[in-house]
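I have placed the structure first, in the form of C-alpha cells, so that the comments after it can refer back to it.
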Amino acid sequence: MQYRRLGKTGFEVSAVGFGAWAIGADWGTVDDDESLRALNAAADAGVTFFDTADVYGDGRSERLLARFRKKRSEPIVIATKIGRRAPLDLKEYTPENFAAWIDRSRTNLEVDRLDLVQLHTLPTDIYYRPEIFDAMDGFVRDGRIAGYGVSVERVEEGLKAIEYPNVSTVQIIYNIFRQRPAERFLSEANDRDVGVIVRVPLASGLLTGKFSRDTQFAPTDHRNFNRHGESFDVGETFAGLDYDTALEVVEELRSLIPTGTTMAQMALRWILMSSGVSTVIPGSKTTEQAHANAAAADLAALPASTMERIALLYRERAAPLVQQRW
C-alpha cells in the first residue's frame, strides 16, 4: 500500500481507501457480518482511510465502522459527511442543525472528536455563504471535529470551496468516465494544500467490466432507482453516463488491461496516476473486493499509450455527455 498526505489535515492515509456507502444502504442486500469482514480485509491490506456519511443506512454505516475500529490497533482515519438528513434547503443549514448532526455522528462513531466532517453534496449556493464555513470553524475550535471539508457534485463547487482557508479536503467524482477535474481542479487543490478524495472511481461498478445489458439490480440499489436522477444527483449513478454508452466504452477498454490485472484495478490505478489525488474510495462489500481494490495501489504505472487511449475515449465518447454538466 502507498500512503499520501491528506492535505492540511496532517493525516497520512492509504492511497486506496474504503467507501462505506455500500455497507450502509442503497446497493442492494447488505449483511453486517460480511461488511465487517470486508472492512477488516481492507485494513489487513493496509487501508487506513474510511469514508462514510450519517445518512448511509441512517447511521448504520457509521455504527459498523465504530465496531470495526474498536478491534483494530493501527491508526484509522474515518471521514463522515453531514447535511443530507434535511431537505436540500438553505434554511436548514444552521449552526444548530450542523451541531446536532455532528453530535449524532460522534455518537454513532463512538468518539468525542470526529477526524473529518464533510458537507455532503449541498446546494451550490452554500459555497457562497461564508457563515456556513464560519460555523464549521467553530466546531473545530470547540473540539467536536479535527477538520472539515466538502463533498461536491461539480468542479465549480470544489473550486469555490477551496477559497475558504480552512477547507481541508474536497471529495469529488473523478474516473475514466469523468475526467474534467484533471483540467484545473486537481492542481488548484494541490496549490492550496487541500486533500482530494475521489469517489465513484468505478462508476458504480461499470468499470469492473462485469456488467452487461442483461444485468439486473435490486429494487433497493440506486443503480436501479436513480438512473435518471429520481432520488439524488444522477451523476452519482454510473458517473452520469447513460448505461448503454458506458458499456460500449467498457468494451473498448478491455484491450488496455495489463496482464494479471482486472479492469477495476486498472481504473483505480488510472486515478492514482495523478499526484493531485490523496486517496480514492472504492466501495467493497466482500473480502475479495477489499483485497483486490487495495492491491491497485501497488500496480506499476500505466503506460503512456494506455493513458493516451483512455483520454481519447473520454473526449470522443464520454465528454459530450458529462463534461459540461459536472
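FYI, nothing fancy with the C-alpha cells labels: chains A, B, ... in order, residues from 1 per chain, ligands from 1 as they appear.
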Practice problem: Considering only C-alpha atoms, return as a list in words whatever protein or nucleic-acid residues lie within 7 Å of Val155 of chain A, sequence-local ones (same chain, fewer than 6 positions apart) excluded. | Solution: Pro181, Phe185 and Trp326 of chain A
Practice problem: Could you give me, as a ChimeraX atom specification, the residues within 7 Å of Gly83 of chain A, counting only C-alpha atoms and dropping anything in the same chain fewer than 4 positions from it? | Solution: /A:119-120,122
Since we have the selection now, will you write its residues out, keeping C-alpha atoms, as a PDB file, in the first residue's frame?
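As a result, result.pdb now contains:
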ATOM      1  CA  LEU A 119     -20.564  18.904   3.918  1.00  0.00           C
ATOM      2  CA  HIS A 120     -22.479  16.339   1.888  1.00  0.00           C
ATOM      3  CA  LEU A 122     -25.173  20.529  -0.565  1.00  0.00           C
TER       4      LEU A 122
END
Exercise. Could you please determine the separation between atom CA of Asp125 of chain A and atom CA of Ala100 of chain A in Å, to one decimal place?
Key: 21.7 Å
Wanna dump the segment 171-193 of chain A-segment 256-267 of chain A contacts at 10 Å for me, each residue with its shortest atom pair and the distance in Å to one decimal, counting only C-alpha atoms, ordered by chain and number, as JSON lines?
{"residue": "A:Asn175", "atom": "CA", "partner": "A:Ala267", "partner_atom": "CA", "distance": 7.2}
{"residue": "A:Ile176", "atom": "CA", "partner": "A:Ala267", "partner_atom": "CA", "distance": 6.8}
{"residue": "A:Phe177", "atom": "CA", "partner": "A:Ala267", "partner_atom": "CA", "distance": 9.9}
Restricted to C-alpha atoms, what would the selected residues look like written as a PDB file, in the first residue's frame?
ATOM      1  CA  ASN A 175     -12.832   8.452 -13.042  1.00  0.00           C
ATOM      2  CA  ILE A 176     -12.268   7.296 -16.620  1.00  0.00           C
ATOM      3  CA  PHE A 177     -15.794   8.492 -17.473  1.00  0.00           C
TER       4      PHE A 177
END
Self-check item: Spatial neighbours of Leu313 of chain A, max dist 9 Å, only C-alpha atoms, sep filter under 2 positions, as a list of chain:residue names
Solution: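 My list of contacting residues is A:Ile176, A:Phe177, A:Val249, A:Glu252, A:Leu253, A:Glu308, A:Arg309, A:Ile310, A:Ala311, A:Arg315, A:Glu316, A:Arg317, A:Ala318, A:Ala319.
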Quiz item: In Å, how far is it from atom CA of Leu64 of chain A to atom CA of Ala290 of chain A?
Solution: 15.8 Å
